[in-house]
file final-v8.cif (mmCIF, N, CA and C atoms and all ligand atoms)
data_work
loop_
_atom_site.label_atom_id
_atom_site.label_comp_id
_atom_site.auth_asym_id
_atom_site.auth_seq_id
_atom_site.Cartn_x
_atom_site.Cartn_y
_atom_site.Cartn_z
N MET T 1 -9.95 -23.99 -17.85
CA MET T 1 -8.81 -23.09 -17.71
C MET T 1 -7.74 -23.45 -18.74
N LYS T 2 -7.43 -22.46 -19.59
CA LYS T 2 -6.37 -22.67 -20.59
C LYS T 2 -5.53 -21.40 -20.59
N ILE T 3 -4.41 -21.47 -19.88
CA ILE T 3 -3.64 -20.26 -19.59
C ILE T 3 -2.56 -20.02 -20.64
N ILE T 4 -2.51 -18.77 -21.11
CA ILE T 4 -1.37 -18.38 -21.94
C ILE T 4 -0.75 -17.11 -21.36
N HIS T 5 0.54 -16.97 -21.57
CA HIS T 5 1.26 -15.77 -21.14
C HIS T 5 1.79 -15.05 -22.37
N THR T 6 1.49 -13.79 -22.46
CA THR T 6 2.04 -13.01 -23.56
C THR T 6 2.79 -11.82 -22.99
N SER T 7 3.83 -11.40 -23.68
CA SER T 7 4.61 -10.29 -23.15
C SER T 7 4.87 -9.24 -24.22
N VAL T 8 4.94 -8.01 -23.76
CA VAL T 8 5.25 -6.89 -24.64
C VAL T 8 6.44 -6.17 -24.03
N ARG T 9 7.38 -5.80 -24.85
CA ARG T 9 8.54 -5.09 -24.33
C ARG T 9 8.14 -3.68 -23.91
N LEU T 10 8.58 -3.29 -22.72
CA LEU T 10 8.24 -1.96 -22.24
C LEU T 10 9.06 -0.90 -22.98
N LYS T 11 8.43 0.25 -23.14
CA LYS T 11 9.16 1.38 -23.72
C LYS T 11 10.17 1.91 -22.70
N GLY T 12 11.23 2.51 -23.17
CA GLY T 12 12.29 2.98 -22.30
C GLY T 12 11.83 3.93 -21.21
N LYS T 13 10.83 4.75 -21.51
CA LYS T 13 10.43 5.76 -20.53
C LYS T 13 9.62 5.17 -19.38
N GLU T 14 9.14 3.96 -19.54
CA GLU T 14 8.35 3.36 -18.48
C GLU T 14 9.24 2.74 -17.42
N LYS T 15 9.04 3.17 -16.16
CA LYS T 15 9.86 2.66 -15.08
C LYS T 15 9.00 1.88 -14.10
N HIS T 16 9.21 0.58 -14.07
CA HIS T 16 8.50 -0.27 -13.12
C HIS T 16 9.47 -1.30 -12.60
N ASN T 17 9.32 -1.63 -11.32
CA ASN T 17 10.13 -2.71 -10.80
C ASN T 17 9.52 -4.05 -11.19
N CYS T 18 10.38 -5.01 -11.39
CA CYS T 18 9.92 -6.37 -11.66
C CYS T 18 9.10 -6.85 -10.47
N GLN T 19 7.93 -7.43 -10.74
CA GLN T 19 7.07 -7.85 -9.65
C GLN T 19 7.41 -9.26 -9.16
N PHE T 20 8.37 -9.89 -9.81
CA PHE T 20 8.72 -11.24 -9.40
C PHE T 20 9.98 -11.28 -8.54
N CYS T 21 10.89 -10.34 -8.75
CA CYS T 21 12.07 -10.30 -7.88
C CYS T 21 12.14 -8.97 -7.13
N ASP T 22 11.41 -7.96 -7.63
CA ASP T 22 11.29 -6.67 -6.95
C ASP T 22 12.62 -5.94 -6.78
N LYS T 23 13.61 -6.34 -7.54
CA LYS T 23 14.92 -5.69 -7.40
C LYS T 23 15.29 -4.95 -8.66
N VAL T 24 14.93 -5.54 -9.77
CA VAL T 24 15.40 -5.06 -11.06
C VAL T 24 14.26 -4.32 -11.77
N GLU T 25 14.65 -3.42 -12.61
CA GLU T 25 13.67 -2.71 -13.41
C GLU T 25 13.06 -3.66 -14.45
N ALA T 26 11.76 -3.60 -14.59
CA ALA T 26 11.09 -4.51 -15.50
C ALA T 26 11.35 -4.13 -16.95
N SER T 27 11.42 -5.14 -17.79
CA SER T 27 11.62 -4.90 -19.22
C SER T 27 10.40 -5.29 -20.04
N TYR T 28 9.51 -6.06 -19.41
CA TYR T 28 8.35 -6.55 -20.15
C TYR T 28 7.06 -6.35 -19.35
N LEU T 29 5.98 -6.18 -20.11
CA LEU T 29 4.65 -6.24 -19.53
C LEU T 29 4.13 -7.63 -19.87
N LEU T 30 3.81 -8.37 -18.84
CA LEU T 30 3.41 -9.76 -19.03
C LEU T 30 1.93 -9.91 -18.74
N ARG T 31 1.24 -10.49 -19.70
CA ARG T 31 -0.19 -10.67 -19.53
C ARG T 31 -0.53 -12.15 -19.43
N THR T 32 -1.32 -12.49 -18.41
CA THR T 32 -1.78 -13.86 -18.26
C THR T 32 -3.25 -13.91 -18.64
N SER T 33 -3.58 -14.74 -19.61
CA SER T 33 -4.95 -14.80 -20.08
C SER T 33 -5.47 -16.23 -19.99
N ASP T 34 -6.75 -16.34 -19.73
CA ASP T 34 -7.41 -17.64 -19.72
C ASP T 34 -8.26 -17.74 -20.97
N LEU T 35 -7.84 -18.61 -21.88
CA LEU T 35 -8.55 -18.70 -23.16
C LEU T 35 -9.95 -19.29 -23.00
N MET T 36 -10.17 -20.06 -21.92
CA MET T 36 -11.49 -20.65 -21.71
C MET T 36 -12.55 -19.59 -21.45
N ILE T 37 -12.19 -18.57 -20.68
CA ILE T 37 -13.15 -17.50 -20.41
C ILE T 37 -12.82 -16.27 -21.25
N ASN T 38 -11.76 -16.38 -22.05
CA ASN T 38 -11.40 -15.30 -22.95
C ASN T 38 -11.15 -13.98 -22.22
N LYS T 39 -10.41 -14.07 -21.11
CA LYS T 39 -10.18 -12.88 -20.32
C LYS T 39 -8.74 -12.78 -19.88
N THR T 40 -8.26 -11.56 -19.75
CA THR T 40 -6.98 -11.34 -19.11
C THR T 40 -7.20 -11.41 -17.61
N ILE T 41 -6.48 -12.29 -16.94
CA ILE T 41 -6.70 -12.44 -15.51
C ILE T 41 -5.60 -11.81 -14.68
N ASP T 42 -4.47 -11.49 -15.31
CA ASP T 42 -3.41 -10.86 -14.53
C ASP T 42 -2.45 -10.13 -15.46
N ILE T 43 -1.94 -9.02 -14.95
CA ILE T 43 -0.97 -8.24 -15.71
C ILE T 43 0.19 -7.92 -14.78
N ASN T 44 1.39 -8.22 -15.20
CA ASN T 44 2.55 -8.03 -14.34
C ASN T 44 3.70 -7.39 -15.10
N TYR T 45 4.54 -6.72 -14.34
CA TYR T 45 5.80 -6.24 -14.89
C TYR T 45 6.88 -7.24 -14.55
N VAL T 46 7.72 -7.52 -15.51
CA VAL T 46 8.71 -8.57 -15.30
C VAL T 46 10.04 -8.15 -15.93
N CYS T 47 11.14 -8.45 -15.25
CA CYS T 47 12.46 -8.13 -15.79
C CYS T 47 12.89 -9.24 -16.74
N SER T 48 13.96 -9.00 -17.48
CA SER T 48 14.33 -9.98 -18.51
C SER T 48 14.77 -11.30 -17.91
N SER T 49 15.41 -11.27 -16.74
CA SER T 49 15.87 -12.55 -16.18
C SER T 49 14.70 -13.36 -15.62
N CYS T 50 13.69 -12.67 -15.06
CA CYS T 50 12.51 -13.40 -14.59
C CYS T 50 11.69 -13.91 -15.77
N LYS T 51 11.70 -13.15 -16.86
CA LYS T 51 10.98 -13.62 -18.05
C LYS T 51 11.66 -14.88 -18.59
N GLU T 52 12.98 -14.91 -18.50
CA GLU T 52 13.72 -16.09 -18.92
C GLU T 52 13.33 -17.30 -18.07
N LYS T 53 13.22 -17.04 -16.74
CA LYS T 53 12.78 -18.11 -15.85
C LYS T 53 11.41 -18.62 -16.26
N LEU T 54 10.54 -17.69 -16.61
CA LEU T 54 9.20 -18.06 -17.03
C LEU T 54 9.26 -18.92 -18.30
N ASP T 55 10.12 -18.51 -19.24
CA ASP T 55 10.25 -19.27 -20.48
C ASP T 55 10.73 -20.70 -20.22
N TYR T 56 11.50 -20.88 -19.15
CA TYR T 56 11.99 -22.21 -18.80
C TYR T 56 11.11 -22.87 -17.73
N ASN T 57 9.91 -22.34 -17.57
CA ASN T 57 8.93 -22.90 -16.61
C ASN T 57 9.47 -22.95 -15.19
N GLN T 58 10.25 -21.95 -14.82
CA GLN T 58 10.79 -21.93 -13.46
C GLN T 58 9.99 -21.03 -12.53
N ILE T 59 8.93 -20.46 -13.05
CA ILE T 59 8.03 -19.70 -12.20
C ILE T 59 6.71 -20.46 -12.13
N ASN T 60 6.28 -20.73 -10.92
CA ASN T 60 5.09 -21.57 -10.74
C ASN T 60 3.81 -20.80 -11.00
N GLU T 61 2.85 -21.54 -11.56
CA GLU T 61 1.51 -20.98 -11.70
C GLU T 61 0.67 -21.46 -10.55
N CYS T 62 -0.31 -20.65 -10.16
CA CYS T 62 -1.30 -21.09 -9.20
C CYS T 62 -2.12 -22.20 -9.85
N SER T 63 -2.31 -23.29 -9.12
CA SER T 63 -3.02 -24.42 -9.72
C SER T 63 -4.51 -24.15 -9.83
N GLU T 64 -4.99 -23.18 -9.07
CA GLU T 64 -6.41 -22.86 -9.09
C GLU T 64 -6.80 -21.99 -10.29
N CYS T 65 -5.98 -20.99 -10.59
CA CYS T 65 -6.41 -20.00 -11.57
C CYS T 65 -5.40 -19.80 -12.69
N GLY T 66 -4.16 -20.25 -12.51
CA GLY T 66 -3.16 -20.10 -13.56
C GLY T 66 -2.36 -18.82 -13.48
N ARG T 67 -2.68 -17.94 -12.51
CA ARG T 67 -1.85 -16.75 -12.35
C ARG T 67 -0.46 -17.15 -11.89
N LEU T 68 0.53 -16.39 -12.31
CA LEU T 68 1.89 -16.70 -11.90
C LEU T 68 2.10 -16.32 -10.45
N LYS T 69 2.88 -17.14 -9.76
CA LYS T 69 3.13 -16.87 -8.35
C LYS T 69 4.34 -15.97 -8.22
N LYS T 70 4.08 -14.74 -7.76
CA LYS T 70 5.18 -13.80 -7.60
C LYS T 70 5.97 -14.13 -6.36
N ASN T 71 5.24 -14.53 -5.34
CA ASN T 71 5.86 -14.80 -4.06
C ASN T 71 5.18 -16.04 -3.47
N PRO T 72 5.93 -17.12 -3.32
CA PRO T 72 5.33 -18.39 -2.89
C PRO T 72 4.63 -18.28 -1.53
N THR T 73 5.05 -17.34 -0.70
CA THR T 73 4.47 -17.24 0.63
C THR T 73 3.21 -16.38 0.63
N LYS T 74 3.00 -15.67 -0.45
CA LYS T 74 1.85 -14.79 -0.50
C LYS T 74 0.65 -15.49 -1.13
N LYS T 75 -0.53 -15.12 -0.66
CA LYS T 75 -1.74 -15.71 -1.23
C LYS T 75 -1.92 -15.24 -2.67
N CYS T 76 -2.40 -16.16 -3.48
CA CYS T 76 -2.74 -15.79 -4.85
C CYS T 76 -3.98 -14.91 -4.82
N LEU T 77 -4.10 -14.07 -5.82
CA LEU T 77 -5.26 -13.18 -5.92
C LEU T 77 -6.58 -13.96 -5.91
N CYS T 78 -6.59 -15.16 -6.51
CA CYS T 78 -7.83 -15.94 -6.58
C CYS T 78 -8.24 -16.39 -5.18
N VAL T 79 -7.27 -16.70 -4.32
CA VAL T 79 -7.58 -17.11 -2.95
C VAL T 79 -8.17 -15.91 -2.19
N TYR T 80 -7.52 -14.78 -2.39
CA TYR T 80 -7.99 -13.55 -1.78
C TYR T 80 -9.42 -13.25 -2.22
N MET T 81 -9.68 -13.40 -3.51
CA MET T 81 -11.00 -13.08 -4.02
C MET T 81 -12.04 -14.07 -3.52
N LYS T 82 -11.65 -15.33 -3.43
CA LYS T 82 -12.57 -16.36 -2.94
C LYS T 82 -12.94 -16.07 -1.49
N GLU T 83 -11.93 -15.73 -0.71
CA GLU T 83 -12.16 -15.44 0.70
C GLU T 83 -13.08 -14.24 0.89
N ASN T 84 -13.01 -13.33 -0.06
CA ASN T 84 -13.84 -12.13 0.06
C ASN T 84 -15.08 -12.18 -0.81
N GLY T 85 -15.32 -13.35 -1.37
CA GLY T 85 -16.52 -13.52 -2.18
C GLY T 85 -16.51 -12.72 -3.46
N LEU T 86 -15.33 -12.51 -4.00
CA LEU T 86 -15.22 -11.74 -5.23
C LEU T 86 -14.92 -12.67 -6.40
N GLY T 87 -15.25 -12.20 -7.58
CA GLY T 87 -14.92 -12.97 -8.77
C GLY T 87 -14.85 -12.06 -9.96
N LEU T 88 -13.90 -12.33 -10.84
CA LEU T 88 -13.79 -11.48 -12.02
C LEU T 88 -14.94 -11.72 -12.98
N GLU T 89 -15.50 -12.94 -12.96
CA GLU T 89 -16.50 -13.31 -13.95
C GLU T 89 -17.87 -12.70 -13.64
N ASP T 90 -18.21 -12.65 -12.34
CA ASP T 90 -19.55 -12.17 -12.00
C ASP T 90 -19.46 -10.95 -11.09
N ASN T 91 -18.89 -9.90 -11.60
CA ASN T 91 -18.71 -8.71 -10.76
C ASN T 91 -19.77 -7.64 -11.03
N SER T 92 -20.74 -7.97 -11.86
CA SER T 92 -21.66 -6.93 -12.30
C SER T 92 -22.68 -6.54 -11.22
N ASP T 93 -23.07 -7.51 -10.39
CA ASP T 93 -24.20 -7.24 -9.48
C ASP T 93 -23.79 -6.68 -8.13
N SER T 94 -22.52 -6.81 -7.75
CA SER T 94 -22.17 -6.41 -6.39
C SER T 94 -20.91 -5.57 -6.37
N ASP T 95 -20.96 -4.42 -6.99
CA ASP T 95 -19.81 -3.53 -7.04
C ASP T 95 -19.34 -3.11 -5.65
N ASP T 96 -20.30 -3.00 -4.73
CA ASP T 96 -19.98 -2.51 -3.39
C ASP T 96 -19.05 -3.44 -2.63
N ASP T 97 -19.06 -4.70 -3.01
CA ASP T 97 -18.25 -5.67 -2.29
C ASP T 97 -16.77 -5.58 -2.65
N TYR T 98 -16.47 -4.85 -3.69
CA TYR T 98 -15.08 -4.78 -4.12
C TYR T 98 -14.22 -4.00 -3.15
N ASN T 99 -13.06 -4.51 -2.93
CA ASN T 99 -12.06 -3.75 -2.21
C ASN T 99 -11.59 -2.63 -3.15
N PRO T 100 -11.85 -1.39 -2.80
CA PRO T 100 -11.55 -0.29 -3.73
C PRO T 100 -10.09 -0.23 -4.14
N LEU T 101 -9.21 -0.51 -3.21
CA LEU T 101 -7.78 -0.44 -3.54
C LEU T 101 -7.42 -1.47 -4.59
N GLU T 102 -7.91 -2.67 -4.39
CA GLU T 102 -7.60 -3.75 -5.32
C GLU T 102 -8.18 -3.44 -6.69
N LEU T 103 -9.40 -2.93 -6.68
CA LEU T 103 -10.05 -2.60 -7.94
C LEU T 103 -9.29 -1.49 -8.64
N GLU T 104 -8.89 -0.51 -7.86
CA GLU T 104 -8.16 0.61 -8.43
C GLU T 104 -6.83 0.14 -9.04
N ARG T 105 -6.20 -0.77 -8.32
CA ARG T 105 -4.94 -1.29 -8.80
C ARG T 105 -5.15 -1.99 -10.15
N GLN T 106 -6.23 -2.77 -10.23
CA GLN T 106 -6.50 -3.48 -11.47
C GLN T 106 -6.81 -2.51 -12.60
N ILE T 107 -7.59 -1.48 -12.28
CA ILE T 107 -7.93 -0.50 -13.31
C ILE T 107 -6.67 0.21 -13.78
N ASN T 108 -5.81 0.55 -12.83
CA ASN T 108 -4.56 1.21 -13.19
C ASN T 108 -3.74 0.36 -14.14
N THR T 109 -3.57 -0.90 -13.80
CA THR T 109 -2.74 -1.75 -14.64
C THR T 109 -3.38 -1.94 -16.00
N LEU T 110 -4.70 -2.07 -16.02
CA LEU T 110 -5.37 -2.23 -17.31
C LEU T 110 -5.23 -0.96 -18.14
N GLN T 111 -5.34 0.17 -17.46
CA GLN T 111 -5.20 1.45 -18.15
C GLN T 111 -3.80 1.58 -18.73
N GLU T 112 -2.82 1.20 -17.93
CA GLU T 112 -1.44 1.26 -18.39
C GLU T 112 -1.24 0.35 -19.59
N GLU T 113 -1.85 -0.82 -19.50
CA GLU T 113 -1.70 -1.77 -20.60
C GLU T 113 -2.36 -1.21 -21.85
N LYS T 114 -3.51 -0.57 -21.67
CA LYS T 114 -4.22 0.00 -22.81
C LYS T 114 -3.34 1.06 -23.48
N ASN T 115 -2.78 1.93 -22.69
CA ASN T 115 -1.88 2.95 -23.24
C ASN T 115 -0.75 2.31 -24.00
N GLN T 116 -0.21 1.28 -23.39
CA GLN T 116 0.88 0.54 -24.00
C GLN T 116 0.46 0.01 -25.37
N LEU T 117 -0.71 -0.62 -25.42
CA LEU T 117 -1.17 -1.21 -26.66
C LEU T 117 -1.46 -0.14 -27.70
N VAL T 118 -2.03 0.97 -27.26
CA VAL T 118 -2.30 2.07 -28.18
C VAL T 118 -1.00 2.56 -28.78
N GLU T 119 0.01 2.67 -27.93
CA GLU T 119 1.32 3.11 -28.43
C GLU T 119 1.87 2.14 -29.45
N GLU T 120 1.74 0.85 -29.13
CA GLU T 120 2.24 -0.17 -30.05
C GLU T 120 1.55 -0.03 -31.40
N VAL T 121 0.24 0.10 -31.36
CA VAL T 121 -0.53 0.21 -32.60
C VAL T 121 -0.10 1.46 -33.36
N ASP T 122 0.04 2.56 -32.63
CA ASP T 122 0.44 3.81 -33.26
C ASP T 122 1.75 3.66 -34.02
N THR T 123 2.73 3.04 -33.34
CA THR T 123 4.04 2.97 -33.96
C THR T 123 4.08 1.96 -35.10
N HIS T 124 3.27 0.90 -34.99
CA HIS T 124 3.36 -0.15 -36.00
C HIS T 124 2.47 0.11 -37.22
N LEU T 125 1.35 0.71 -36.98
CA LEU T 125 0.37 0.79 -38.07
C LEU T 125 0.29 2.14 -38.74
N GLU T 126 0.39 3.20 -37.95
CA GLU T 126 0.18 4.54 -38.44
C GLU T 126 -1.14 4.62 -39.21
N ALA T 127 -2.18 4.15 -38.57
CA ALA T 127 -3.50 4.12 -39.22
C ALA T 127 -4.01 5.53 -39.45
N PRO T 128 -4.69 5.74 -40.55
CA PRO T 128 -5.26 7.07 -40.81
C PRO T 128 -6.38 7.38 -39.81
N GLU T 129 -6.48 8.65 -39.43
CA GLU T 129 -7.51 9.01 -38.47
C GLU T 129 -8.89 8.96 -39.11
N VAL T 130 -9.82 8.40 -38.32
CA VAL T 130 -11.18 8.29 -38.84
C VAL T 130 -12.01 9.44 -38.30
N SER T 131 -12.56 10.19 -39.18
CA SER T 131 -13.40 11.31 -38.77
C SER T 131 -14.82 10.84 -38.55
N LYS T 132 -15.41 11.30 -37.44
CA LYS T 132 -16.76 10.84 -37.14
C LYS T 132 -17.80 11.88 -37.53
N ASP T 133 -17.40 12.89 -38.25
CA ASP T 133 -18.35 13.93 -38.66
C ASP T 133 -19.20 13.49 -39.84
ZN ZN W 1 12.71 -9.98 -11.94
ZN ZN W 2 -4.76 -18.43 -8.06
#
call {"tool": "encode", "arguments": {"input": "final-v8.cif", "output": "C-alpha cells"}}
result
Amino acid sequence: MKIIHTSVRLKGKEKHNCQFCDKVEASYLLRTSDLMINKTIDINYVCSSCKEKLDYNQINECSECGRLKKNPTKKCLCVYMKENGLGLEDNSDSDDDYNPLELERQINTLQEEKNQLVEEVDTHLEAPEVSKD
C-alpha cells in the first residue's frame, strides 16, 4: 500500500457539498490512489478548509486501506467491503454480490471524475480531433 492524494479544482458550475464536513461547498475533487496496485481507491469532494487540514495531515487515513476517514464513527469502505466479501481487486467473477447502490455510487463518481478530466484536457490542450475514417 502506497497512498497518494491528488486534487483537482472543481469548476464553478459544479455544486457538491464537502464530504468531510458536509457543511461547505466543495472546491476540490480529491482522489486517493494506491500506487502499489495502481488504482484509484476513493474519490471525494472536499472544501478548501478540509483540504488544508489534509495538507497538514489533520485528516486521518484508514490504516487498512489508506482511504481518508470522512467520519471517525463511520465504517471505512474497506471494512464494509470485507464484511460483504467484496473487493475492488477481484470483482470480475462475482458481479452479483455487489451492492447495486454502492456500485452505482462508485460509477457515478468515476463518471464525474472522467468528465472533469476530459474538461481539464480540453481546456489545457485543445488537441486536434482525430478522425477515424
Ligand atoms: Zn469541508
Ligand atoms: Zn479502509
call {"tool": "closest_residue", "arguments": {"input": "final-v8.cif", "among": "T:Glu112, T:Glu83, T:Glu120, T:Glu64", "to": "ligand ZN 2 (chain W)", "atoms": "all atoms listed in the file"}}
result
T:Glu64
call {"tool": "residues_near_ligand", "arguments": {"input": "final-v8.cif", "ligand": "ligand ZN 1 (chain W)", "cutoff": "6 Å", "atoms": "all atoms listed in the file", "output": "list in words"}}
result
Cys18, Gln19, Phe20, Cys21, Asp22, Lys23, Val24, Val46, Cys47, Ser48, Ser49, Cys50 and Lys51 of chain T
call {"tool": "write_last_selection", "arguments": {"input": "final-v8.cif", "atoms": "N, CA and C atoms", "output": "PDB file, in the frame of the given file"}}
result
ATOM      1  N   CYS T  18      10.380  -5.010 -11.390  1.00  0.00           N
ATOM      2  CA  CYS T  18       9.920  -6.370 -11.660  1.00  0.00           C
ATOM      3  C   CYS T  18       9.100  -6.850 -10.470  1.00  0.00           C
ATOM      4  N   GLN T  19       7.930  -7.430 -10.740  1.00  0.00           N
ATOM      5  CA  GLN T  19       7.070  -7.850  -9.650  1.00  0.00           C
ATOM      6  C   GLN T  19       7.410  -9.260  -9.160  1.00  0.00           C
ATOM      7  N   PHE T  20       8.370  -9.890  -9.810  1.00  0.00           N
ATOM      8  CA  PHE T  20       8.720 -11.240  -9.400  1.00  0.00           C
ATOM      9  C   PHE T  20       9.980 -11.280  -8.540  1.00  0.00           C
ATOM     10  N   CYS T  21      10.890 -10.340  -8.750  1.00  0.00           N
ATOM     11  CA  CYS T  21      12.070 -10.300  -7.880  1.00  0.00           C
ATOM     12  C   CYS T  21      12.140  -8.970  -7.130  1.00  0.00           C
ATOM     13  N   ASP T  22      11.410  -7.960  -7.630  1.00  0.00           N
ATOM     14  CA  ASP T  22      11.290  -6.670  -6.950  1.00  0.00           C
ATOM     15  C   ASP T  22      12.620  -5.940  -6.780  1.00  0.00           C
ATOM     16  N   LYS T  23      13.610  -6.340  -7.540  1.00  0.00           N
ATOM     17  CA  LYS T  23      14.920  -5.690  -7.400  1.00  0.00           C
ATOM     18  C   LYS T  23      15.290  -4.950  -8.660  1.00  0.00           C
ATOM     19  N   VAL T  24      14.930  -5.540  -9.770  1.00  0.00           N
ATOM     20  CA  VAL T  24      15.400  -5.060 -11.060  1.00  0.00           C
ATOM     21  C   VAL T  24      14.260  -4.320 -11.770  1.00  0.00           C
ATOM     22  N   VAL T  46       7.720  -7.520 -15.510  1.00  0.00           N
ATOM     23  CA  VAL T  46       8.710  -8.570 -15.300  1.00  0.00           C
ATOM     24  C   VAL T  46      10.040  -8.150 -15.930  1.00  0.00           C
ATOM     25  N   CYS T  47      11.140  -8.450 -15.250  1.00  0.00           N
ATOM     26  CA  CYS T  47      12.460  -8.130 -15.790  1.00  0.00           C
ATOM     27  C   CYS T  47      12.890  -9.240 -16.740  1.00  0.00           C
ATOM     28  N   SER T  48      13.960  -9.000 -17.480  1.00  0.00           N
ATOM     29  CA  SER T  48      14.330  -9.980 -18.510  1.00  0.00           C
ATOM     30  C   SER T  48      14.770 -11.300 -17.910  1.00  0.00           C
ATOM     31  N   SER T  49      15.410 -11.270 -16.740  1.00  0.00           N
ATOM     32  CA  SER T  49      15.870 -12.550 -16.180  1.00  0.00           C
ATOM     33  C   SER T  49      14.700 -13.360 -15.620  1.00  0.00           C
ATOM     34  N   CYS T  50      13.690 -12.670 -15.060  1.00  0.00           N
ATOM     35  CA  CYS T  50      12.510 -13.400 -14.590  1.00  0.00           C
ATOM     36  C   CYS T  50      11.690 -13.910 -15.770  1.00  0.00           C
ATOM     37  N   LYS T  51      11.700 -13.150 -16.860  1.00  0.00           N
ATOM     38  CA  LYS T  51      10.980 -13.620 -18.050  1.00  0.00           C
ATOM     39  C   LYS T  51      11.660 -14.880 -18.590  1.00  0.00           C
TER      40      LYS T  51
END
call {"tool": "closest_atom_pairs", "arguments": {"input": "final-v8.cif", "of": "chain T", "to": "ligand ZN 2 (chain W)", "cutoff": "5 Å", "atoms": "only N, CA and C atoms and all ligand atoms", "output": "tab-separated table"}}
result
residue	atom	partner	partner_atom	distance
T:Cys62	CA	W:ZN2	ZN	4.5
T:Glu64	C	W:ZN2	ZN	4.7
T:Cys65	N	W:ZN2	ZN	3.8
T:Gly66	N	W:ZN2	ZN	4.8
T:Arg67	N	W:ZN2	ZN	4.9
T:Cys76	CA	W:ZN2	ZN	4.6
T:Leu77	N	W:ZN2	ZN	4.9
T:Cys78	N	W:ZN2	ZN	4.1
T:Val79	N	W:ZN2	ZN	4.8
call {"tool": "atom_distance", "arguments": {"input": "final-v8.cif", "atom1": "atom C of Pro72 of chain T", "atom2": "atom C of Leu30 of chain T"}}
result
19.3 Å
call {"tool": "closest_residue", "arguments": {"input": "final-v8.cif", "among": "T:Ser27, T:Thr32, T:Gln106, T:Asn84", "to": "Thr6 of chain T", "atoms": "only N, CA and C atoms"}}
result
T:Thr32
call {"tool": "residues_near_point", "arguments": {"input": "final-v8.cif", "point": "(8.2, -17.6, -24.2)", "cutoff": "8 Å", "atoms": "only N, CA and C atoms", "output": "mmCIF file with N, CA and C atoms, in the coordinates of the input"}}
result
data_model
loop_
_atom_site.group_PDB
_atom_site.id
_atom_site.type_symbol
_atom_site.label_atom_id
_atom_site.label_comp_id
_atom_site.auth_asym_id
_atom_site.auth_seq_id
_atom_site.Cartn_x
_atom_site.Cartn_y
_atom_site.Cartn_z
ATOM 1 N N HIS T 5 0.540 -16.970 -21.570
ATOM 2 C CA HIS T 5 1.260 -15.770 -21.140
ATOM 3 C C HIS T 5 1.790 -15.050 -22.370
ATOM 4 N N THR T 6 1.490 -13.790 -22.460
ATOM 5 C CA THR T 6 2.040 -13.010 -23.560
ATOM 6 C C THR T 6 2.790 -11.820 -22.990
ATOM 7 N N SER T 7 3.830 -11.400 -23.680
ATOM 8 C CA SER T 7 4.610 -10.290 -23.150
ATOM 9 C C SER T 7 4.870 -9.240 -24.220
ATOM 10 N N LYS T 51 11.700 -13.150 -16.860
ATOM 11 C CA LYS T 51 10.980 -13.620 -18.050
ATOM 12 C C LYS T 51 11.660 -14.880 -18.590
ATOM 13 N N GLU T 52 12.980 -14.910 -18.500
ATOM 14 C CA GLU T 52 13.720 -16.090 -18.920
ATOM 15 C C GLU T 52 13.330 -17.300 -18.070
ATOM 16 N N LEU T 54 10.540 -17.690 -16.610
ATOM 17 C CA LEU T 54 9.200 -18.060 -17.030
ATOM 18 C C LEU T 54 9.260 -18.920 -18.300
ATOM 19 N N ASP T 55 10.120 -18.510 -19.240
ATOM 20 C CA ASP T 55 10.250 -19.270 -20.480
ATOM 21 C C ASP T 55 10.730 -20.700 -20.220
ATOM 22 N N TYR T 56 11.500 -20.880 -19.150
ATOM 23 C CA TYR T 56 11.990 -22.210 -18.800
ATOM 24 C C TYR T 56 11.110 -22.870 -17.730
#
call {"tool": "residues_around", "arguments": {"input": "final-v8.cif", "residues": "Leu35 of chain T", "least_positions_apart": "5", "cutoff": "7 Å", "atoms": "all atoms listed in the file", "output": "MDAnalysis selection string"}}
result
chainID T and resid 1:4
call {"tool": "atom_distance", "arguments": {"input": "final-v8.cif", "atom1": "atom CA of Glu119 of chain T", "atom2": "atom CA of Leu68 of chain T"}}
result
25.8 Å
call {"tool": "atom_distance", "arguments": {"input": "final-v8.cif", "atom1": "atom N of Arg31 of chain T", "atom2": "atom C of Asn44 of chain T"}}
result
6.1 Å
call {"tool": "closest_residue", "arguments": {"input": "final-v8.cif", "among": "T:Asn108, T:Gln116, T:Asn17, T:Thr73", "to": "Tyr45 of chain T", "atoms": "only N, CA and C atoms"}}
result
T:Asn17
call {"tool": "select_by_dssp", "arguments": {"input": "final-v8.cif", "residues": "segment 2-69 of chain T", "states": "alpha helix (DSSP H)", "output": "list in words"}}
result
Ser48, Ser49, Cys50, Lys51, Glu52, Lys53, Leu54 and Asp55 of chain T
